[in-house]
file input.txt (compact mmCIF, C-alpha atoms and all ligand atoms)
# COMPACT_ATOMS: atom_id res chain seq x y z
CA MET A 1 79.50 74.31 37.54
CA GLN A 2 76.98 74.24 40.36
CA HIS A 3 77.85 72.71 43.77
CA SER A 4 75.35 71.09 46.07
CA THR A 5 74.34 72.85 49.33
CA SER A 6 76.01 70.16 51.42
CA TYR A 7 79.26 70.58 49.45
CA ILE A 8 79.22 74.35 50.10
CA LEU A 9 78.53 73.86 53.80
CA LEU A 10 81.26 71.23 54.13
CA PHE A 11 83.73 73.43 52.23
CA ALA A 12 82.91 76.43 54.47
CA ALA A 13 83.31 74.27 57.60
CA ALA A 14 86.68 72.99 56.33
CA VAL A 15 87.90 76.55 55.67
CA CYS A 16 86.76 77.58 59.18
CA ALA A 17 88.53 74.60 60.76
CA VAL A 18 91.81 75.33 58.95
CA CYS A 19 91.63 79.04 59.87
CA SER A 20 90.86 78.33 63.52
CA VAL A 21 93.90 76.02 63.72
CA PHE A 22 96.05 78.87 62.37
CA VAL A 23 94.57 81.46 64.73
CA SER A 24 94.78 79.31 67.86
CA GLY A 25 98.26 78.11 66.87
CA ALA A 26 99.45 81.71 66.47
CA SER A 27 97.88 82.65 69.81
CA VAL A 28 99.66 79.79 71.62
CA LEU A 29 102.98 80.43 69.87
CA LEU A 30 102.88 84.16 70.57
CA GLU A 31 101.71 83.92 74.17
CA GLU A 32 105.22 83.80 75.60
CA ARG A 33 106.28 86.82 73.53
CA GLN A 34 103.14 88.72 74.56
CA GLN A 35 103.88 88.01 78.23
CA ALA A 36 107.45 89.22 77.74
CA ASN A 37 106.18 92.44 76.14
CA VAL A 38 103.71 93.04 78.99
CA GLU A 39 106.56 92.57 81.48
CA LEU A 40 108.83 94.89 79.46
CA ASP A 41 106.13 97.57 79.44
CA ARG A 42 105.70 97.23 83.21
CA GLN A 43 109.45 97.56 83.75
CA LYS A 44 109.53 100.68 81.56
CA LYS A 45 106.72 102.23 83.63
CA VAL A 46 108.69 101.51 86.79
CA LEU A 47 111.79 103.14 85.28
CA VAL A 48 109.77 106.22 84.25
CA VAL A 49 108.16 106.61 87.68
CA ALA A 50 111.62 106.15 89.22
CA GLY A 51 112.92 109.02 87.06
CA LEU A 52 115.37 106.65 85.35
CA MET A 53 113.78 106.92 81.90
CA GLU A 54 111.94 109.65 80.01
CA GLU A 55 108.27 109.12 79.13
CA GLY A 56 108.19 107.81 75.53
CA GLU A 57 111.95 107.24 75.40
CA SER A 58 112.86 104.40 73.08
CA LEU A 59 115.04 101.87 74.88
CA SER A 60 116.06 98.36 73.88
CA ARG A 61 115.02 95.39 75.98
CA VAL A 62 118.67 95.00 77.06
CA GLU A 63 118.95 98.66 78.14
CA VAL A 64 115.71 98.45 80.13
CA ALA A 65 116.98 95.34 81.93
CA LYS A 66 120.36 97.02 82.56
CA ARG A 67 118.86 100.20 84.05
CA PHE A 68 116.49 98.09 86.11
CA GLU A 69 119.23 95.86 87.52
CA THR A 70 121.63 98.75 88.16
CA ASN A 71 119.27 101.04 90.05
CA ILE A 72 116.30 99.11 91.34
CA VAL A 73 116.32 96.80 94.33
CA PRO A 74 113.14 94.76 94.69
CA VAL A 75 112.32 93.84 98.28
CA ILE A 76 109.62 91.71 99.81
CA VAL A 77 107.76 93.15 102.73
CA ASP A 78 105.54 91.51 105.34
CA LEU A 79 102.53 93.79 104.92
CA GLU A 80 101.24 93.40 108.47
CA THR A 81 104.50 94.12 110.29
CA GLY A 82 106.22 96.18 107.60
CA VAL A 83 109.40 94.15 108.03
CA VAL A 84 111.56 93.46 104.97
CA LEU A 85 111.92 89.70 104.51
CA GLU A 86 115.38 88.27 103.92
CA GLY A 87 116.09 85.12 101.92
CA VAL A 88 113.09 85.52 99.60
CA ASP A 89 113.61 85.76 95.85
CA ALA A 90 112.30 89.30 95.48
CA SER A 91 112.80 89.66 91.74
CA SER A 92 110.51 86.77 90.76
CA PHE A 93 107.80 87.53 93.33
CA ASP A 94 104.37 88.18 91.78
CA GLN A 95 102.22 90.22 94.16
CA ARG A 96 99.09 89.98 91.99
CA LYS A 97 99.41 86.20 91.89
CA ALA A 98 99.96 86.11 95.66
CA ALA A 99 96.79 88.15 96.22
CA LYS A 100 94.80 85.44 94.42
CA ASP A 101 96.43 82.54 96.26
CA PRO A 102 94.36 81.58 99.34
CA GLU A 103 97.57 80.33 101.04
CA ALA A 104 99.39 83.62 100.48
CA SER A 105 96.59 86.12 101.05
CA HIS A 106 93.57 87.00 103.15
CA PRO A 107 90.36 88.98 102.66
CA ALA A 108 90.89 92.73 102.81
CA PRO A 109 88.80 94.77 105.23
CA THR A 110 86.04 96.75 103.50
CA ASN A 111 87.70 99.65 101.76
CA ALA A 112 86.89 102.47 99.36
CA ALA A 113 89.39 101.18 96.78
CA LYS A 114 87.35 97.94 96.58
CA VAL A 115 90.45 95.82 97.09
CA GLN A 116 89.09 92.31 97.80
CA ARG A 117 92.15 90.35 98.91
CA LEU A 118 95.44 91.37 100.46
CA PRO A 119 98.63 89.40 99.85
CA ASN A 120 100.50 88.56 103.06
CA GLN A 121 103.63 89.87 101.40
CA GLY A 122 104.12 92.77 99.03
CA GLN A 123 106.87 93.78 96.65
CA VAL A 124 108.32 97.27 96.64
CA PHE A 125 111.15 98.64 94.52
CA GLN A 126 113.83 100.68 96.23
CA VAL A 127 115.45 103.10 93.79
CA VAL A 128 119.12 103.35 94.71
CA THR A 129 121.64 105.45 92.81
CA ASP A 130 125.28 105.74 93.87
CA GLY A 131 124.43 103.79 97.01
CA ARG A 132 121.78 106.28 98.14
CA LEU A 133 118.05 105.58 98.42
CA GLN A 134 116.23 107.97 96.09
CA SER A 135 112.67 106.73 96.32
CA ILE A 136 110.45 103.77 97.06
CA ILE A 137 108.08 102.49 94.40
CA ILE A 138 104.90 101.00 95.77
CA PRO A 139 102.41 98.92 93.79
CA ILE A 140 98.87 100.31 93.79
CA SER A 141 95.57 98.90 92.52
CA GLY A 142 91.88 99.44 92.97
CA ALA A 143 88.58 100.24 91.37
CA GLY A 144 87.96 102.94 88.80
CA LEU A 145 84.65 103.15 86.98
CA TRP A 146 84.88 100.16 84.62
CA SER A 147 87.97 98.37 85.75
CA THR A 148 90.65 97.70 88.32
CA LEU A 149 93.59 100.00 87.76
CA TYR A 150 97.12 98.66 88.39
CA GLY A 151 100.14 100.88 88.75
CA TYR A 152 102.88 102.29 90.94
CA ILE A 153 103.46 105.37 93.05
CA ALA A 154 106.96 106.59 93.82
CA ILE A 155 107.49 108.09 97.26
CA ASP A 156 110.63 110.15 97.73
CA ALA A 157 113.30 109.08 100.23
CA ASP A 158 111.87 111.75 102.57
CA LEU A 159 108.92 109.29 102.86
CA GLU A 160 106.48 112.14 102.38
CA THR A 161 106.74 113.61 98.88
CA ILE A 162 105.32 111.96 95.77
CA ASP A 163 107.88 111.60 92.97
CA GLY A 164 105.50 110.12 90.41
CA ILE A 165 102.58 107.87 89.59
CA THR A 166 101.91 105.49 86.70
CA PHE A 167 99.35 102.89 85.63
CA TYR A 168 100.35 99.89 83.53
CA GLU A 169 96.91 98.29 83.22
CA HIS A 170 93.32 99.52 83.33
CA GLY A 171 90.13 99.49 81.29
CA GLU A 172 88.90 103.07 81.77
CA THR A 173 87.52 104.98 78.79
CA PRO A 174 90.15 106.57 76.51
CA GLY A 175 89.84 110.36 76.74
CA LEU A 176 87.94 110.18 80.06
CA GLY A 177 89.16 107.88 82.84
CA GLY A 178 91.91 106.75 80.45
CA GLU A 179 93.50 110.17 80.94
CA VAL A 180 95.23 108.62 83.97
CA ASP A 181 97.89 107.83 81.36
CA ASN A 182 98.23 111.43 80.20
CA PRO A 183 101.82 112.52 81.01
CA ARG A 184 100.58 116.06 81.80
CA TRP A 185 98.17 114.74 84.43
CA LYS A 186 100.75 112.36 85.90
CA ALA A 187 103.22 115.27 86.14
CA LEU A 188 100.77 117.05 88.47
CA TRP A 189 101.52 114.47 91.19
CA LYS A 190 105.22 115.24 91.45
CA GLY A 191 106.08 117.27 94.53
CA ARG A 192 102.71 116.78 96.26
CA LYS A 193 102.64 115.47 99.81
CA ALA A 194 101.13 112.04 100.33
CA PHE A 195 100.90 112.18 104.13
CA ASP A 196 99.83 114.66 106.76
CA LYS A 197 102.14 115.51 109.68
CA ARG A 198 101.06 112.35 111.54
CA GLY A 199 101.88 110.06 108.61
CA LYS A 200 98.27 109.49 107.56
CA PRO A 201 97.80 109.30 103.78
CA VAL A 202 95.67 112.29 102.77
CA ILE A 203 96.54 112.90 99.12
CA ALA A 204 93.31 113.25 97.12
CA VAL A 205 92.19 113.77 93.55
CA LYS A 206 89.74 116.63 93.84
CA LYS A 207 86.88 117.52 91.51
CA GLY A 208 88.19 120.49 89.53
CA MET A 209 91.62 122.01 89.72
CA ALA A 210 94.08 121.93 92.58
CA GLY A 211 96.51 124.72 93.36
CA PRO A 212 100.28 124.38 92.95
CA PRO A 213 102.08 121.87 95.23
CA GLU A 214 103.47 124.71 97.39
CA THR A 215 100.01 125.98 98.40
CA ASP A 216 97.81 122.90 97.83
CA PRO A 217 100.13 119.96 98.55
CA TYR A 218 97.48 117.34 99.31
CA ASN A 219 95.32 117.68 96.17
CA VAL A 220 95.69 116.77 92.50
CA ASP A 221 93.43 118.03 89.67
CA GLY A 222 90.49 115.76 88.87
CA LEU A 223 90.12 114.38 85.34
CA SER A 224 87.31 116.25 83.66
CA GLY A 225 84.29 114.07 82.83
CA ALA A 226 85.83 111.25 84.85
CA THR A 227 85.02 111.98 88.45
CA ILE A 228 84.56 108.30 89.31
CA THR A 229 87.97 107.24 87.98
CA SER A 230 89.55 110.30 89.66
CA ARG A 231 87.98 109.48 93.00
CA GLY A 232 89.00 105.83 92.55
CA VAL A 233 92.63 106.81 92.02
CA GLY A 234 92.61 108.87 95.23
CA ASN A 235 91.02 105.98 97.11
CA LEU A 236 93.45 103.36 95.88
CA VAL A 237 96.53 105.50 96.50
CA ARG A 238 95.44 106.21 100.08
CA PHE A 239 94.58 102.54 100.61
CA TRP A 240 98.01 101.22 99.62
CA LEU A 241 99.87 103.96 101.51
CA GLY A 242 97.70 103.30 104.57
CA GLN A 243 97.84 100.83 107.42
CA ASP A 244 96.15 97.97 105.48
CA GLY A 245 98.67 98.40 102.66
CA PHE A 246 102.29 99.51 102.87
CA GLY A 247 101.77 101.88 105.84
CA PRO A 248 103.55 99.56 108.33
CA TYR A 249 106.51 99.24 105.93
CA LEU A 250 106.72 103.02 105.51
CA ASP A 251 106.59 103.36 109.29
CA THR A 252 109.55 100.98 109.69
CA GLN A 253 111.43 103.04 107.08
CA ARG A 254 110.65 106.27 108.97
CA ALA A 255 111.95 104.60 112.13
CA GLY A 256 115.23 103.83 110.39
CA GLY A 257 114.37 100.77 108.30
CA SER A 258 114.11 97.10 109.16
CA THR A 259 117.24 96.24 107.21
C1 LIG B 301 80.68 106.09 77.28
C2 LIG B 301 81.03 106.70 78.61
C3 LIG B 301 82.25 106.40 79.16
C4 LIG B 301 82.63 106.94 80.41
N1 LIG B 301 83.82 106.62 80.95
C5 LIG B 301 84.15 107.12 82.15
C6 LIG B 301 85.39 106.77 82.77
O1 LIG B 301 86.24 106.07 82.23
N2 LIG B 301 85.63 107.28 84.01
C7 LIG B 301 84.73 108.08 84.66
O2 LIG B 301 85.00 108.48 85.79
N3 LIG B 301 83.59 108.45 84.09
C8 LIG B 301 83.27 107.99 82.86
N4 LIG B 301 82.09 108.34 82.30
C9 LIG B 301 81.27 109.35 82.95
C10 LIG B 301 80.56 108.79 84.15
O3 LIG B 301 79.47 108.06 83.73
C11 LIG B 301 80.15 109.93 85.05
O4 LIG B 301 79.20 110.70 84.40
C12 LIG B 301 81.31 110.80 85.39
O5 LIG B 301 82.28 110.07 86.09
C13 LIG B 301 80.93 112.02 86.20
O6 LIG B 301 82.03 112.90 86.10
P1 LIG B 301 81.86 114.48 86.03
O7 LIG B 301 81.13 114.83 87.28
O8 LIG B 301 83.27 115.00 85.98
O9 LIG B 301 81.10 114.75 84.77
C14 LIG B 301 81.72 107.80 81.06
C15 LIG B 301 80.50 108.11 80.48
C16 LIG B 301 80.14 107.57 79.28
C17 LIG B 301 78.81 107.92 78.68
call {"tool": "encode", "arguments": {"input": "input.txt", "output": "structure tokens", "more": "lines below"}}
Ligand SMILES: Cc1cc2nc3c(=O)[nH]c(=O)nc-3n(C[C@H](O)[C@H](O)[C@H](O)COP(=O)(O)O)c2cc1C
result
Amino acid sequence: MQHSTSYILLFAAAVCAVCSVFVSGASVLLEERQQANVELDRQKKVLVVAGLMEEGESLSRVEVAKRFETNIVPVIVDLETGVVLEGVDASSFDQRKAAKDPEASHPAPTNAAKVQRLPNQGQVFQVVTDGRLQSIIIPISGAGLWSTLYGYIAIDADLETIDGITFYEHGETPGLGGEVDNPRWKALWKGRKAFDKRGKPVIAVKKGMAGPPETDPYNVDGLSGATITSRGVGNLVRFWLGQDGFGPYLDTQRAGGST
């Protein structure tokens, strides 16, 4: 049996309409779960950089939440003064959202990390085990080659040594700039010094190889074939550890803490 052209077109349109309802319905229904998974992944990255979870370790959602709640104290910081703010719900604070809110942010001064807006308040995670501060986890973000990279750097309680770095979102090329996720490269950061003797952030990702932390404490190996991403990572780390980022907060901590 032969169908007319208009019948075929109408049939095809009807199939498309039905399929698009299914696809958009699935997208809407799964959005909440996707958000939850993104948040879970971010929490896992924080736990890894805090040294509270092994890279690639398989943990249930409940265990991740438990480790997070037991050892990690989120605090909200006034970025300009570095003072820790009391009476603010630190756990639900969204720094990225704040940076986009004109009421809660302001334009950033021109900077190498290409950060456009600065939130008035930032969220750091204090890692506390057995009542002792182990490290401070600071959110970092800035330009790579293709994308803005988002992640965290953990600074040891000595407020000088890097304990770890991680990125939870970026769009750099897998195998090139995407090697920021390579555990072997991330391990190179541990034990390096972020600041010079005067507290200025000087840690850099150099082109080529750095020496061991004992002899070359302020440099990390560059990613081969990805000089722009490498340079971007150095820029963004120094930006957020500097005076326009969390520098004032780190200064208050060096002076004995604001709380
Ligand atoms: C398809 C493609 C993807 C690339 N992705 C990246 C990247 O993610 N990060 C990066 O720094 N360079 C990337 N590059 C290389 C840059 O264009 C540039 O050549 C490089 O950063 C220079 O690094 P090198 O001096 O180590 O070779 C890419 C190049 C091509 C052709």
call {"tool": "closest_atom_pairs", "arguments": {"input": "input.txt", "of": "range 9-74 of chain A", "to": "range 122-125 of chain A", "cutoff": "9 Å", "atoms": "all atoms listed in the file", "output": "CSV"}}
result
residue,atom,partner,partner_atom,distance
A:Val46,CA,A:Phe125,CA,8.6
A:Ile72,CA,A:Phe125,CA,6.1
A:Val73,CA,A:Phe125,CA,5.5
A:Pro74,CA,A:Phe125,CA,4.4
call {"tool": "write_last_selection", "arguments": {"input": "input.txt", "atoms": "C-alpha atoms", "output": "PDB file, in the coordinates of the input"}}
result
ATOM      1  CA  VAL A  46     108.690 101.510  86.790  1.00  0.00           C
ATOM      2  CA  ILE A  72     116.300  99.110  91.340  1.00  0.00           C
ATOM      3  CA  VAL A  73     116.320  96.800  94.330  1.00  0.00           C
ATOM      4  CA  PRO A  74     113.140  94.760  94.690  1.00  0.00           C
TER       5      PRO A  74
END
call {"tool": "residues_near_ligand", "arguments": {"input": "input.txt", "ligand": "ligand LIG 301 (chain B)", "cutoff": "8 Å", "atoms": "all atoms listed in the file", "output": "PyMOL selection string"}}
result
chain A and resi 144-146+171-178+207+222-231
call {"tool": "residues_around", "arguments": {"input": "input.txt", "residues": "Lys206 in chain A", "least_positions_apart": "6", "cutoff": "7 Å", "atoms": "all atoms listed in the file", "output": "JSON list (two decimals) with C-alpha atoms, keeping the file's coordinate frame"}}
result
[["chain", "number", "residue", "atom", "x", "y", "z"],
["A", 219, "ASN", "CA", 95.32, 117.68, 96.17],
["A", 220, "VAL", "CA", 95.69, 116.77, 92.50],
["A", 221, "ASP", "CA", 93.43, 118.03, 89.67],
["A", 222, "GLY", "CA", 90.49, 115.76, 88.87]]
call {"tool": "closest_atom_pairs", "arguments": {"input": "input.txt", "of": "range 21-79 of chain A", "to": "range 246-254 of chain A", "cutoff": "12 Å", "atoms": "all atoms listed in the file", "output": "JSON lines"}}
result
{"residue": "A:Val75", "atom": "CA", "partner": "A:Tyr249", "partner_atom": "CA", "distance": 11.0}
{"residue": "A:Ile76", "atom": "CA", "partner": "A:Tyr249", "partner_atom": "CA", "distance": 10.2}
{"residue": "A:Val77", "atom": "CA", "partner": "A:Tyr249", "partner_atom": "CA", "distance": 7.0}
{"residue": "A:Asp78", "atom": "CA", "partner": "A:Tyr249", "partner_atom": "CA", "distance": 7.8}
{"residue": "A:Leu79", "atom": "CA", "partner": "A:Phe246", "partner_atom": "CA", "distance": 6.1}
call {"tool": "closest_residue", "arguments": {"input": "input.txt", "among": "A:Ser105, A:Gln126, A:Gln121, A:Gln116", "to": "Thr148 in chain A", "atoms": "all atoms listed in the file"}}
result
A:Gln116
call {"tool": "residues_around", "arguments": {"input": "input.txt", "residues": "Tyr152 in chain A", "least_positions_apart": "3", "cutoff": "8 Å", "atoms": "only C-alpha atoms", "output": "PyMOL selection string"}}
result
chain A and resi 46+49+137-140+165-167
call {"tool": "residues_around", "arguments": {"input": "input.txt", "residues": "Lys45 in chain A", "least_positions_apart": "4", "cutoff": "12 Å", "atoms": "all atoms listed in the file", "output": "MDAnalysis selection string"}}
result
chainID A and resid 38:41 49:57 64 68 137 139 150:154 164:169 181 183 186
call {"tool": "closest_residue", "arguments": {"input": "input.txt", "among": "A:Ser92, A:Asn182, A:Ser6, A:Ser141", "to": "Lys114 in chain A", "atoms": "all atoms listed in the file"}}
result
A:Ser141
call {"tool": "atom_distance", "arguments": {"input": "input.txt", "atom1": "CA of Gln2 in chain A", "atom2": "CA of Val18 in chain A"}}
result
23.8 Å
call {"tool": "closest_residue", "arguments": {"input": "input.txt", "among": "A:Leu85, A:Cys19, A:Gln34, A:Asn71", "to": "Gly131 in chain A", "atoms": "only C-alpha atoms"}}
result
A:Asn71
call {"tool": "closest_residue", "arguments": {"input": "input.txt", "among": "A:Asp158, A:Glu179, A:Asp130, A:Asp163", "to": "Gly199 in chain A", "atoms": "all atoms listed in the file"}}
result
A:Asp158
call {"tool": "build_atoms", "arguments": {"input": "input.txt", "residues": "range 21-46 of chain A", "atoms": "N, CA and C atoms", "output": "compact mmCIF listing (two decimals), in the coordinates of the input"}}
result
# COMPACT_ATOMS: atom_id res chain seq x y z
N VAL A 21 92.63 76.64 63.30
CA VAL A 21 93.90 76.02 63.72
C VAL A 21 95.02 77.05 63.63
N PHE A 22 95.03 77.84 62.53
CA PHE A 22 96.05 78.87 62.37
C PHE A 22 95.97 79.91 63.49
N VAL A 23 94.73 80.39 63.74
CA VAL A 23 94.57 81.46 64.73
C VAL A 23 94.96 80.97 66.12
N SER A 24 94.45 79.77 66.51
CA SER A 24 94.78 79.31 67.86
C SER A 24 96.26 78.96 67.98
N GLY A 25 96.83 78.41 66.87
CA GLY A 25 98.26 78.11 66.87
C GLY A 25 99.08 79.37 67.08
N ALA A 26 98.72 80.45 66.35
CA ALA A 26 99.45 81.71 66.47
C ALA A 26 99.32 82.25 67.89
N SER A 27 98.10 82.14 68.45
CA SER A 27 97.88 82.65 69.81
C SER A 27 98.77 81.92 70.82
N VAL A 28 98.83 80.57 70.68
CA VAL A 28 99.66 79.79 71.62
C VAL A 28 101.14 80.12 71.43
N LEU A 29 101.56 80.17 70.15
CA LEU A 29 102.98 80.43 69.87
C LEU A 29 103.42 81.81 70.35
N LEU A 30 102.50 82.78 70.24
CA LEU A 30 102.88 84.16 70.57
C LEU A 30 102.66 84.51 72.04
N GLU A 31 102.07 83.59 72.78
CA GLU A 31 101.71 83.92 74.17
C GLU A 31 102.93 84.33 74.99
N GLU A 32 104.01 83.53 74.82
CA GLU A 32 105.22 83.80 75.60
C GLU A 32 105.77 85.20 75.27
N ARG A 33 105.76 85.52 73.95
CA ARG A 33 106.28 86.82 73.53
C ARG A 33 105.38 87.95 74.06
N GLN A 34 104.07 87.70 74.04
CA GLN A 34 103.14 88.72 74.56
C GLN A 34 103.39 88.98 76.04
N GLN A 35 103.59 87.88 76.78
CA GLN A 35 103.88 88.01 78.23
C GLN A 35 105.15 88.83 78.44
N ALA A 36 106.16 88.52 77.62
CA ALA A 36 107.45 89.22 77.74
C ALA A 36 107.26 90.70 77.46
N ASN A 37 106.42 91.03 76.47
CA ASN A 37 106.18 92.44 76.14
C ASN A 37 105.42 93.16 77.26
N VAL A 38 104.47 92.45 77.87
CA VAL A 38 103.71 93.04 78.99
C VAL A 38 104.68 93.35 80.13
N GLU A 39 105.59 92.41 80.41
CA GLU A 39 106.56 92.57 81.48
C GLU A 39 107.53 93.73 81.17
N LEU A 40 107.93 93.81 79.88
CA LEU A 40 108.83 94.89 79.46
C LEU A 40 108.15 96.24 79.66
N ASP A 41 106.88 96.32 79.29
CA ASP A 41 106.13 97.57 79.44
C ASP A 41 106.03 97.97 80.92
N ARG A 42 105.81 96.96 81.77
CA ARG A 42 105.70 97.23 83.21
C ARG A 42 107.04 97.75 83.75
N GLN A 43 108.12 97.12 83.30
CA GLN A 43 109.45 97.56 83.75
C GLN A 43 109.74 98.99 83.30
N LYS A 44 109.32 99.32 82.06
CA LYS A 44 109.53 100.68 81.56
C LYS A 44 108.76 101.68 82.42
N LYS A 45 107.53 101.32 82.80
CA LYS A 45 106.72 102.23 83.63
C LYS A 45 107.40 102.45 84.98
N VAL A 46 107.98 101.37 85.52
CA VAL A 46 108.69 101.51 86.79
C VAL A 46 109.88 102.44 86.62
